[in-house]
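Novice: Next comes structure_28.txt, compact mmCIF, C-alpha atoms:
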```txt
# COMPACT_ATOMS: atom_id res chain seq x y z
CA MET A 4 -16.88 59.21 -100.89
CA SER A 5 -15.24 60.90 -97.92
CA GLN A 6 -11.53 61.53 -98.07
CA ARG A 7 -9.09 59.30 -96.22
CA ARG A 8 -5.47 59.93 -95.35
CA ILE A 9 -3.70 56.95 -96.90
CA VAL A 10 -0.09 55.97 -96.22
CA ILE A 11 1.67 53.13 -98.06
CA VAL A 12 5.01 51.65 -96.96
CA GLY A 13 6.83 50.02 -99.87
CA ASN A 14 7.50 50.77 -103.52
CA SER A 15 7.12 47.62 -105.57
CA ALA A 16 4.47 45.30 -107.00
CA ALA A 17 1.91 45.29 -104.17
CA SER A 18 2.19 48.95 -103.24
CA LEU A 19 1.97 50.21 -106.82
CA ALA A 20 -1.00 47.96 -107.60
CA ALA A 21 -2.72 49.25 -104.45
CA LEU A 22 -2.06 52.88 -105.33
CA GLU A 23 -3.40 52.47 -108.86
CA THR A 24 -6.50 50.66 -107.61
CA ILE A 25 -7.15 53.46 -105.13
CA ARG A 26 -6.83 56.11 -107.80
CA ARG A 27 -9.25 54.33 -110.12
CA VAL A 28 -11.91 54.87 -107.47
CA ASP A 29 -10.73 57.84 -105.41
CA ALA A 30 -8.90 60.66 -107.17
CA THR A 31 -8.68 63.07 -104.25
CA SER A 32 -7.75 61.35 -100.98
CA PRO A 33 -4.15 62.27 -100.04
CA VAL A 34 -1.76 59.35 -100.51
CA THR A 35 1.81 59.24 -99.24
CA LEU A 36 4.18 56.44 -100.25
CA VAL A 37 7.29 55.77 -98.14
CA ALA A 38 10.18 53.61 -99.35
CA GLU A 39 13.54 52.79 -97.81
CA GLU A 40 15.39 52.69 -101.13
CA ALA A 41 16.13 56.16 -102.45
CA ILE A 42 15.38 55.33 -106.08
CA PRO A 43 12.12 55.04 -108.07
CA ALA A 44 10.34 51.70 -108.31
CA TYR A 45 12.17 49.04 -110.33
CA SER A 46 11.72 45.37 -111.17
CA ARG A 47 13.71 43.11 -108.86
CA VAL A 48 12.85 40.20 -111.14
CA LEU A 49 15.01 41.80 -113.84
CA LEU A 50 18.10 42.36 -111.67
CA PRO A 51 19.93 39.37 -113.25
CA TYR A 52 19.57 41.10 -116.63
CA LEU A 53 21.36 44.11 -115.18
CA LEU A 54 24.25 41.80 -114.28
CA SER A 55 24.36 40.35 -117.79
CA GLY A 56 24.27 43.81 -119.37
CA GLU A 57 21.07 43.05 -121.27
CA ARG A 58 19.05 45.65 -119.39
CA ARG A 59 20.01 49.07 -118.11
CA ASP A 60 16.65 50.50 -117.18
CA LEU A 61 14.57 48.40 -114.78
CA SER A 62 12.02 51.11 -114.03
CA LEU A 63 8.48 49.97 -113.34
CA ARG A 64 6.80 53.31 -113.95
CA PRO A 65 7.51 56.56 -115.88
CA ARG A 66 9.31 59.45 -114.21
CA ASP A 67 6.15 61.48 -113.78
CA TYR A 68 4.35 58.59 -112.08
CA ALA A 69 3.92 60.33 -108.72
CA GLN A 70 2.43 63.37 -110.41
CA ARG A 71 0.07 61.21 -112.47
CA MET A 72 -1.08 59.38 -109.35
CA GLY A 73 -1.35 62.53 -107.29
CA ALA A 74 0.80 60.87 -104.64
CA ARG A 75 3.53 62.18 -102.39
CA MET A 76 6.64 59.99 -102.64
CA LEU A 77 9.11 59.90 -99.75
CA LEU A 78 12.03 57.83 -101.06
CA GLY A 79 15.09 56.97 -99.01
CA ARG A 80 13.08 57.14 -95.79
CA ARG A 81 12.55 54.31 -93.34
CA ALA A 82 9.38 53.80 -91.33
CA VAL A 83 10.26 52.80 -87.76
CA GLN A 84 7.05 52.87 -85.72
CA ILE A 85 3.26 52.73 -86.01
CA ASP A 86 1.70 54.99 -83.40
CA ALA A 87 -1.99 55.26 -82.58
CA ASP A 88 -2.67 57.75 -85.35
CA ALA A 89 0.53 58.15 -87.35
CA LEU A 90 3.43 56.39 -89.02
CA VAL A 91 6.79 57.54 -87.65
CA LEU A 92 9.83 57.80 -89.93
CA ASP A 93 13.51 57.49 -89.04
CA ASP A 94 13.94 61.27 -88.99
CA GLY A 95 11.03 61.75 -86.58
CA THR A 96 8.52 62.77 -89.26
CA ARG A 97 4.97 61.73 -88.38
CA LEU A 98 2.52 60.81 -91.12
CA PRO A 99 -1.07 60.76 -89.81
CA PHE A 100 -3.23 58.12 -91.48
CA ASP A 101 -6.74 56.74 -91.65
CA ARG A 102 -5.58 53.77 -93.70
CA LEU A 103 -2.08 52.30 -93.63
CA LEU A 104 -0.71 49.64 -95.98
CA LEU A 105 2.40 47.65 -95.12
CA ALA A 106 3.95 46.40 -98.36
CA THR A 107 7.45 46.13 -96.94
CA GLY A 108 8.32 43.06 -98.97
CA SER A 109 11.12 40.73 -97.95
CA ARG A 110 14.83 40.62 -97.33
CA ALA A 111 17.42 38.11 -98.43
CA ALA A 112 18.10 35.31 -95.95
CA ILE A 113 21.74 35.54 -94.86
CA PRO A 114 23.26 32.24 -93.70
CA ASP A 115 25.36 32.07 -90.55
CA VAL A 116 28.66 31.17 -92.18
CA GLU A 117 32.15 32.24 -91.19
CA GLY A 118 33.37 34.92 -93.63
CA ILE A 119 29.90 35.91 -94.81
CA ASP A 120 30.90 39.60 -94.70
CA THR A 121 33.87 39.12 -97.02
CA PRO A 122 33.85 41.57 -99.99
CA GLY A 123 32.54 39.80 -103.07
CA VAL A 124 29.84 37.94 -101.12
CA SER A 125 26.33 39.29 -101.68
CA PRO A 126 22.68 38.40 -102.09
CA LEU A 127 20.84 39.65 -105.19
CA LYS A 128 17.72 41.28 -103.78
CA THR A 129 18.13 45.04 -104.31
CA MET A 130 19.56 47.44 -106.84
CA ALA A 131 22.45 48.10 -104.46
CA ASP A 132 23.19 44.36 -104.41
CA ALA A 133 23.19 44.21 -108.21
CA LEU A 134 25.50 47.20 -108.59
CA ARG A 135 27.86 45.73 -105.99
CA ILE A 136 28.02 42.43 -107.88
CA CYS A 137 28.53 44.23 -111.21
CA GLU A 138 31.65 45.83 -109.76
CA GLN A 139 33.02 42.38 -108.92
CA LEU A 140 32.46 40.76 -112.31
CA PRO A 141 35.28 42.33 -114.40
CA GLY A 142 38.24 39.98 -114.13
CA ALA A 143 36.33 37.38 -112.13
CA ARG A 144 36.66 33.74 -113.22
CA HIS A 145 34.73 31.65 -110.71
CA ALA A 146 31.34 32.08 -109.07
CA VAL A 147 29.73 30.05 -106.31
CA ILE A 148 26.02 30.26 -105.55
CA LEU A 149 24.97 29.20 -102.07
CA GLY A 150 21.39 27.98 -102.17
CA GLY A 151 19.09 26.42 -104.74
CA GLY A 152 16.17 28.81 -104.75
CA LEU A 153 14.64 30.82 -107.56
CA ILE A 154 17.14 33.69 -107.50
CA CYS A 155 19.93 31.12 -107.83
CA LEU A 156 18.67 29.98 -111.20
CA LEU A 157 17.83 33.42 -112.50
CA VAL A 158 21.39 34.59 -111.88
CA VAL A 159 23.12 31.55 -113.41
CA ARG A 160 22.59 32.72 -116.96
CA ALA A 161 24.00 36.16 -116.19
CA LEU A 162 27.12 34.67 -114.63
CA LEU A 163 27.68 32.28 -117.53
CA LYS A 164 27.17 35.13 -119.98
CA ALA A 165 29.86 37.07 -118.12
CA GLY A 166 32.24 34.18 -118.74
CA LEU A 167 32.43 32.77 -115.20
CA SER A 168 32.46 29.13 -114.20
CA VAL A 169 29.52 28.48 -111.88
CA ALA A 170 29.08 26.05 -109.01
CA ILE A 171 25.86 25.77 -107.02
CA ALA A 172 25.95 24.37 -103.47
CA VAL A 173 22.57 23.42 -101.98
CA SER A 174 21.72 21.87 -98.61
CA SER A 175 18.82 19.86 -100.01
CA ASP A 176 18.86 16.93 -102.41
CA ARG A 177 17.84 19.03 -105.43
CA LEU A 178 17.20 22.52 -106.78
CA LEU A 179 13.91 24.38 -106.29
CA THR A 180 12.56 21.96 -103.70
CA ARG A 181 9.58 24.25 -102.95
CA MET A 182 8.60 24.64 -106.60
CA LEU A 183 9.42 21.40 -108.39
CA ASP A 184 9.13 17.67 -107.76
CA GLU A 185 12.06 15.31 -108.24
CA GLU A 186 11.41 14.61 -111.93
CA ALA A 187 11.08 18.27 -112.91
CA SER A 188 14.11 19.27 -110.88
CA ALA A 189 16.17 16.51 -112.53
CA LEU A 190 15.33 17.86 -115.99
CA LEU A 191 16.42 21.31 -114.94
CA GLN A 192 19.63 20.08 -113.34
CA ASP A 193 20.51 18.14 -116.49
CA ARG A 194 20.14 21.33 -118.52
CA LEU A 195 22.36 23.25 -116.10
CA ALA A 196 24.98 20.50 -116.23
CA GLU A 197 24.93 20.64 -120.04
CA ALA A 198 25.70 24.35 -119.76
CA GLY A 199 28.73 23.59 -117.58
CA VAL A 200 27.22 24.38 -114.20
CA ARG A 201 28.42 22.19 -111.35
CA ILE A 202 25.68 21.29 -108.86
CA LEU A 203 26.61 20.06 -105.38
CA THR A 204 23.57 18.75 -103.52
CA ARG A 205 23.44 18.04 -99.77
CA THR A 206 26.32 20.46 -99.47
CA ASP A 207 26.70 23.25 -96.92
CA ALA A 208 29.29 26.00 -96.78
CA ALA A 209 31.49 25.77 -93.68
CA ARG A 210 33.37 29.01 -94.27
CA ILE A 211 34.12 31.64 -96.87
CA VAL A 212 37.77 32.53 -97.34
CA GLY A 213 39.05 35.93 -98.41
CA ARG A 214 42.46 37.31 -99.21
CA ASP A 215 43.62 40.86 -99.92
CA GLY A 216 40.15 42.22 -99.25
CA GLN A 217 38.35 39.91 -101.68
CA VAL A 218 36.65 36.52 -101.56
CA ARG A 219 38.78 33.69 -102.92
CA SER A 220 37.03 30.44 -102.07
CA VAL A 221 34.20 28.62 -100.33
CA VAL A 222 35.06 25.65 -98.12
CA THR A 223 32.27 23.09 -97.85
CA ALA A 224 31.37 21.11 -94.73
CA ALA A 225 33.01 18.09 -96.39
CA GLY A 226 36.25 20.04 -96.75
CA GLU A 227 36.16 20.68 -100.51
CA VAL A 228 37.54 24.04 -101.60
CA LEU A 229 35.52 25.79 -104.31
CA PRO A 230 37.35 28.67 -106.02
CA ALA A 231 35.24 31.83 -105.90
CA ASP A 232 35.79 35.39 -107.05
CA VAL A 233 32.07 36.05 -106.57
CA VAL A 234 29.69 34.40 -104.11
CA ILE A 235 25.93 34.85 -104.51
CA LEU A 236 23.69 34.14 -101.53
CA ALA A 237 20.48 32.47 -102.71
CA LYS A 238 19.19 30.94 -99.50
CA GLY A 239 15.71 32.35 -99.95
CA ILE A 240 13.92 35.37 -98.52
CA ARG A 241 12.47 36.43 -95.19
CA PRO A 242 9.37 38.63 -94.89
CA ASP A 243 10.27 42.10 -93.64
CA ILE A 244 8.04 42.35 -90.57
CA ASP A 245 10.15 44.58 -88.31
CA LEU A 246 7.78 47.53 -88.67
CA ALA A 247 4.72 45.36 -88.03
CA ARG A 248 6.27 43.95 -84.88
CA ALA A 249 7.24 47.42 -83.71
CA GLY A 250 3.61 48.43 -84.16
CA GLY A 251 2.32 45.48 -82.15
CA LEU A 252 0.63 43.74 -85.09
CA ALA A 253 0.05 40.00 -85.00
CA THR A 254 2.79 38.19 -86.93
CA GLY A 255 3.83 34.65 -87.75
CA ARG A 256 6.41 34.20 -90.47
CA GLY A 257 4.79 37.28 -92.00
CA VAL A 258 2.20 39.89 -91.04
CA LEU A 259 -0.99 37.93 -90.36
CA VAL A 260 -3.93 39.11 -92.46
CA ASP A 261 -7.49 37.96 -93.14
CA GLU A 262 -9.21 37.37 -96.47
CA CYS A 263 -9.48 41.14 -96.97
CA LEU A 264 -5.78 41.61 -96.11
CA ARG A 265 -6.62 43.38 -92.86
CA THR A 266 -4.08 43.03 -90.05
CA SER A 267 -4.91 42.65 -86.36
CA ARG A 268 -5.21 46.42 -86.06
CA PRO A 269 -8.17 48.32 -87.56
CA GLY A 270 -7.25 50.52 -90.49
CA VAL A 271 -3.91 48.75 -91.08
CA PHE A 272 -3.49 46.35 -94.00
CA ALA A 273 -0.62 44.28 -95.43
CA ALA A 274 0.07 42.82 -98.87
CA GLY A 275 2.84 41.25 -100.91
CA ASP A 276 5.88 39.37 -99.65
CA CYS A 277 5.44 40.54 -96.06
CA ALA A 278 1.84 39.31 -95.73
CA GLU A 279 0.90 35.86 -94.41
CA ALA A 280 -2.58 35.27 -95.79
CA PRO A 281 -5.14 32.44 -95.82
CA ASP A 282 -4.15 29.80 -98.34
CA MET A 283 -6.39 29.39 -101.38
CA LEU A 284 -6.11 25.62 -101.49
CA VAL A 285 -5.63 24.34 -97.93
CA ARG A 286 -8.29 25.34 -95.43
CA GLY A 287 -6.90 26.68 -92.16
CA LYS A 288 -3.40 27.17 -93.58
CA THR A 289 -1.65 30.51 -94.11
CA THR A 290 0.82 31.16 -96.90
CA ILE A 291 3.38 33.69 -98.07
CA PRO A 292 3.52 33.13 -101.85
CA GLY A 293 6.52 35.41 -102.43
CA THR A 294 5.70 35.88 -106.12
CA TRP A 295 5.22 38.92 -108.32
CA PHE A 296 1.88 37.65 -109.60
CA GLU A 297 0.39 37.33 -106.13
CA ALA A 298 1.85 40.63 -104.92
CA VAL A 299 0.04 42.46 -107.74
CA ALA A 300 -3.19 40.56 -107.07
CA GLN A 301 -3.02 41.31 -103.36
CA GLY A 302 -2.19 44.95 -104.08
CA GLU A 303 -5.32 45.32 -106.19
CA THR A 304 -7.44 43.64 -103.52
CA VAL A 305 -6.06 45.67 -100.64
CA GLY A 306 -6.38 48.94 -102.56
CA ALA A 307 -10.11 48.32 -102.91
CA ASN A 308 -10.52 47.26 -99.29
CA MET A 309 -8.71 50.33 -97.98
CA LEU A 310 -11.61 52.21 -99.56
CA ASP A 311 -14.13 49.89 -97.85
CA LEU A 312 -15.21 48.26 -101.13
CA SER A 313 -15.37 44.84 -99.44
CA ARG A 314 -13.50 42.70 -101.96
CA PRO A 315 -12.07 39.53 -100.38
CA SER A 316 -9.09 37.72 -101.79
CA PRO A 317 -9.76 34.15 -102.96
CA GLY A 318 -6.68 33.21 -100.92
CA ALA A 319 -2.92 33.26 -101.36
CA PHE A 320 -1.78 31.31 -104.42
CA LYS A 321 1.77 30.37 -105.37
CA MET A 322 2.67 30.56 -109.05
CA ASN A 323 5.98 31.01 -110.84
CA VAL A 324 6.71 30.94 -114.56
CA MET A 325 10.25 31.47 -115.81
CA GLU A 326 12.82 30.48 -118.41
CA ILE A 327 16.19 29.09 -117.36
CA LEU A 328 18.85 28.54 -120.01
CA GLY A 329 16.25 28.00 -122.67
CA ILE A 330 13.97 25.74 -120.60
CA ALA A 331 10.59 27.12 -119.59
CA VAL A 332 9.38 26.14 -116.13
CA ALA A 333 6.02 26.72 -114.43
CA SER A 334 4.94 25.75 -110.95
CA MET A 335 1.66 26.59 -109.24
CA GLY A 336 -0.35 25.56 -106.24
CA LEU A 337 0.46 22.22 -104.62
CA THR A 338 3.19 20.15 -106.24
CA GLN A 339 2.36 16.96 -104.29
CA ALA A 340 -0.99 15.30 -103.54
CA PRO A 341 -2.19 16.90 -100.28
CA ASP A 342 -4.15 13.94 -98.87
CA SER A 343 -5.07 10.29 -99.32
CA GLU A 344 -7.75 11.25 -101.82
CA GLY A 345 -5.27 13.11 -103.98
CA ARG A 346 -3.71 11.84 -107.17
CA VAL A 347 -1.33 13.04 -109.83
CA VAL A 348 -1.50 12.82 -113.60
CA VAL A 349 1.93 12.85 -115.19
CA ARG A 350 2.93 13.10 -118.84
CA ALA A 351 6.60 13.11 -119.80
CA ARG A 352 7.80 12.94 -123.39
CA ASP A 353 10.10 14.69 -125.87
CA GLY A 354 11.91 16.55 -123.05
CA ASN A 355 8.67 18.00 -121.72
CA TYR A 356 7.21 17.24 -118.31
CA ARG A 357 3.66 17.91 -117.14
CA LYS A 358 2.15 17.04 -113.79
CA LEU A 359 -1.34 17.87 -112.55
CA VAL A 360 -2.15 17.46 -108.86
CA ILE A 361 -5.82 16.58 -108.28
CA SER A 362 -7.66 16.40 -104.97
CA ARG A 363 -11.37 16.06 -104.20
CA ASP A 364 -12.40 16.54 -107.84
CA ARG A 365 -10.33 19.72 -108.28
CA VAL A 366 -7.00 20.51 -109.86
CA VAL A 367 -4.94 22.00 -107.00
CA GLY A 368 -1.48 22.27 -108.54
CA ALA A 369 0.75 21.74 -111.54
CA VAL A 370 4.37 21.49 -112.59
CA LEU A 371 5.34 22.10 -116.21
CA VAL A 372 8.81 21.90 -117.76
CA GLY A 373 9.47 22.63 -121.43
CA ASP A 374 6.02 23.29 -122.85
CA VAL A 375 4.28 25.69 -120.45
CA SER A 376 1.56 26.84 -122.83
CA GLU A 377 -1.13 25.47 -120.51
CA ALA A 378 0.08 27.43 -117.47
CA GLY A 379 -2.41 30.29 -117.75
CA ALA A 380 -5.44 28.05 -118.30
CA ILE A 381 -4.46 25.71 -115.46
CA ALA A 382 -3.95 28.68 -113.13
CA LEU A 383 -7.41 30.00 -114.01
CA LEU A 384 -8.91 26.56 -113.41
CA ILE A 385 -7.33 26.45 -109.94
CA ARG A 386 -8.10 30.05 -109.02
CA ARG A 387 -11.77 29.70 -109.94
CA GLY A 388 -12.11 26.54 -107.88
CA LEU A 389 -13.81 24.68 -110.73
CA THR A 390 -14.44 21.00 -110.16
CA LEU A 391 -13.71 18.41 -112.81
CA SER A 392 -17.35 17.33 -112.62
CA GLU A 393 -18.41 20.80 -113.74
CA LEU A 394 -16.07 20.51 -116.72
CA ARG A 395 -17.17 17.09 -117.94
CA PRO A 396 -16.25 15.69 -120.34
CA PHE A 397 -12.74 16.39 -119.06
CA ASP A 398 -9.57 14.38 -119.58
CA PRO A 399 -6.75 15.61 -117.30
CA ALA A 400 -4.23 13.78 -119.45
CA GLN A 401 -5.04 16.10 -122.38
CA PRO A 402 -3.99 19.75 -122.73
CA ILE A 403 -6.17 22.31 -120.92
CA ARG A 404 -7.10 25.38 -122.94
CA TYR A 405 -8.88 28.60 -122.07
CA ALA A 406 -11.74 27.60 -124.35
CA ASP A 407 -12.39 24.54 -122.18
CA LEU A 408 -13.05 26.83 -119.23
CA ALA A 409 -14.88 29.65 -120.97
CA LEU A 410 -17.46 27.48 -122.70
CA ARG A 411 -18.45 25.25 -119.78
CA GLN A 412 -20.61 26.40 -116.88
CA PRO A 413 -19.86 30.13 -117.38
CA SER A 414 -21.96 31.06 -114.35
CA VAL A 415 -19.47 29.20 -112.15
CA LEU A 416 -16.79 31.71 -113.10
CA LEU A 417 -18.65 34.38 -111.13
CA ARG A 418 -18.93 32.35 -107.93
CA GLN A 419 -16.07 33.99 -106.03
CA ASP A 420 -16.84 37.45 -107.37
CA LEU A 421 -20.16 37.50 -105.48
CA THR A 422 -18.63 37.18 -102.01
CA HIS A 423 -17.83 40.08 -99.69
CA CYS A 424 -15.59 40.85 -96.75
CA HIS A 425 -17.24 40.28 -93.43
```
Please re-express this file's structure in structure tokens.
Specialist:
Amino acid sequence: MSQRRIVIVGNSAASLAALETIRRVDATSPVTLVAEEAIPAYSRVLLPYLLSGERRDLSLRPRDYAQRMGARMLLGRRAVQIDADALVLDDGTRLPFDRLLLATGSRAAIPDVEGIDTPGVSPLKTMADALRICEQLPGARHAVILGGGLICLLVVRALLKAGLSVAIAVSSDRLLTRMLDEEASALLQDRLAEAGVRILTRTDAARIVGRDGQVRSVVTAAGEVLPADVVILAKGIRPDIDLARAGGLATGRGVLVDECLRTSRPGVFAAGDCAEAPDMLVRGKTTIPGTWFEAVAQGETVGANMLDLSRPSPGAFKMNVMEILGIAVASMGLTQAPDSEGRVVVRARDGNYRKLVISRDRVVGAVLVGDVSEAGAIALLIRRGLTLSELRPFDPAQPIRYADLALRQPSVLLRQDLTHCH
């Protein structure tokens, strides 16, 4: 295999998975990894545990990782332009490449609210954000979270553990509107209320008020004043596509890629939270899953394809599994029936909720609250594209186990592995 000059922008799930995939096949091609943050790779998913004091080290890889991978790491450097034959950094350094991977991830969405720059107001997306919030917690009594997305719920436990009262203000009619249906969200909101969390739905912040260089309150559009010593912005994320746009790549909400994660420019690929890829379940649709699971999967796929191994992705797939205040929650694929032929199978009992979304003889999504033991098997069923007819006898009202999939039509499991990039 001839050597290629490989440059990777990013230092998280997708980029690390790509690097490791490359090295499993190609031990000698020079690889340079560029990252804007000046610290080694860490888990952003675990940032709330840094706030709660339960974790101090969030490192994803050992200290000698770069040496093990035979990679050059340029941390604390920002890529600003993609020229014809090189990536240009903010200090003018040019990195020639034969293959370039954009794994630039995403940035926190910052709402346009008066007082948004007041000290004590911050998203929780980076290590710098977490350290800034940690400095605000001693002596704080009240926290307000603006937004009802995933990061909102992950940080609630940390704030409660720190002894703060917590209020959540969301514009929509419920929490996690993109992940959960109304019934599942209601179960979760009941649990939060039991823990003392106040939830204000259909509520927008009109302004944030500070005094003496520190946030003091959030005023809602209805005029209610919410006391706040800490304000967390949880309005979602935005794909970081500035570099792609500067390089003239085709973009939508994210960097547009094909089934092999190739961008509109030969030799340039994208993966992870910045990539807008063909959807696994809806033909003709593109998706940005924004999940750790998919970022790793895309990283492995793109690493192989940067070496011309022709391994297409089965399509972007959304899946989240988490625990919030003792309640396990899983959401994957489509959470509502996508067409007139679709149907749902719901089972709710003993505080557990289970919903399968079925369309055209296939399971295309699921929502689980409480007992999530089926999550892995259901995800495999969806990812493999197995039809219910192939799994007969099959009762969607009964639990799905790995054994049900492994013992029926095993040749079907290889179907997607036999395809190639075109």
Novice: Go through A:Ala165, A:Ala209, A:Val299, A:Val12 and flag the residue nearest Met76 in chain A, using all atoms listed in the file for the distances.
Specialist: A:Val12
Novice: Once you add 3 Å to each side, what are the centre and edge lengths of the axis-aligned box holding all listed atoms of range 324-331 of chain A? One decimal in Å, as AutoDock Vina command-line options, if you can.
Specialist:
```
--center_x 12.8 --center_y 28.6 --center_z -118.6 --size_x 18.1 --size_y 11.7 --size_z 14.1
```
Novice: Pick from A:Leu259, A:Ala187, A:Leu252, A:Arg219: nearest to Ala333 in chain A, with all atoms listed in the file counted?
Specialist: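 Under the stated criterion, the closest residue is A:Ala187.
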Novice: Which residues, written as a PyMOL selection string, have at least one atom at most 6 Å from Leu92 in chain A, with all atoms listed in the file counted and residues fewer than 5 positions away on the same chain left out?
Specialist: chain A and resi 81-83
Novice: Excluding Cys424 in chain A and residues on its chain fewer than 3 positions from it, collect all residues at most 7 Å away from it, counting only C-alpha atoms, and give them as an MDAnalysis selection string.
Specialist: chainID A and resid 263 313:315
Novice: Please provide the set of residues having any atom within 7 Å of range 144-158 of chain A, restricted to only C-alpha atoms, with same-chain residues fewer than 5 positions apart removed, written as a ChimeraX atom specification.
Specialist: /A:51,167-173,178-179,230-239,327
Novice: With distances taken over only C-alpha atoms, which residue among A:Asp193, A:Asp115, A:Asp311, A:Asp86 lies nearest Gly251 in chain A?
Specialist: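 The shortest atom-to-atom distance to Gly251 in chain A comes from A:Asp86.
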Novice: How close does each residue of range 236-314 of chain A get to range 385-398 of chain A, giving the shortest atom pair and distance in Å to one decimal for every residue with an atom at most 12 Å away, counting only C-alpha atoms, sorted by chain and residue number, as a tab-separated table?
Specialist:
```
residue	atom	partner	partner_atom	distance
A:Asp282	CA	A:Arg386	CA	11.4
A:Met283	CA	A:Arg386	CA	7.9
A:Leu284	CA	A:Ile385	CA	8.6
A:Glu297	CA	A:Arg386	CA	11.6
A:Ala300	CA	A:Arg386	CA	11.8
```
Novice: Enter the distance from CA of Glu262 in chain A to CA of Val285 in chain A, in Å, rounded to one decimal.
Specialist: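 Going from CA of Glu262 in chain A over to CA of Val285 in chain A, I get 13.6 Å.
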Novice: Identify, on the basis of all atoms listed in the file, every residue whose closest approach to Arg352 in chain A does not exceed 12 Å; exclude the query and any residue fewer than 3 positions from it along the same chain; express the result as a ChimeraX atom specification.
Specialist: /A:190,349,355-358,371-374
Novice: Of the candidates A:Ile330, A:Val212, A:Met335, A:Leu408, which shows the shortest atom-to-atom distance to Glu117 in chain A, using all atoms listed in the file?
Specialist: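 Of A:Ile330, A:Val212, A:Met335, A:Leu408, the one nearest Glu117 in chain A is A:Val212, counting all atoms listed in the file.
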Novice: What is the CA of Gly213 in chain A-CA of Pro141 in chain A distance in Å, reported with one decimal?
Specialist: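 Distance between the two atoms: 17.6 Å.
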Novice: What is the CA of Ala280 in chain A-CA of Thr129 in chain A distance in Å, reported with one decimal?
Specialist: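 Atom-to-atom, CA of Ala280 in chain A and CA of Thr129 in chain A are spaced 24.4 Å apart.
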Novice: May I ask which of the residues A:Asp353, A:Asp101, A:Glu185, A:Asp407 is the closest one to Val34 in chain A, counting all atoms listed in the file?
Specialist: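 With all atoms listed in the file as the atom set, the closest residue is A:Asp101.
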Novice: Taking all atoms listed in the file into account, which of A:Gly257, A:Gly250, A:Gly226, A:Gly368 comes nearest Pro281 in chain A?
Specialist: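 The closest residue to Pro281 in chain A is A:Gly257.
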Novice: Could you list, as a ChimeraX atom specification, every residue within 6 Å of Phe100 in chain A, counting all atoms listed in the file and ignoring same-chain residues fewer than 2 positions away?
Specialist: /A:8-9,89,102
Novice: Counting only C-alpha atoms, which residues sit no farther than 8 Å from the position (-0.9, 58.0, -104.6) in the file's frame? I'd like them as a list in words.
Specialist: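 Here is the list of nearby residues: Leu22, Glu23, Ile25, Arg26, Pro33, Val34, Thr35, Leu36, Ala69, Met72, Gly73, Ala74 and Arg75 of chain A.
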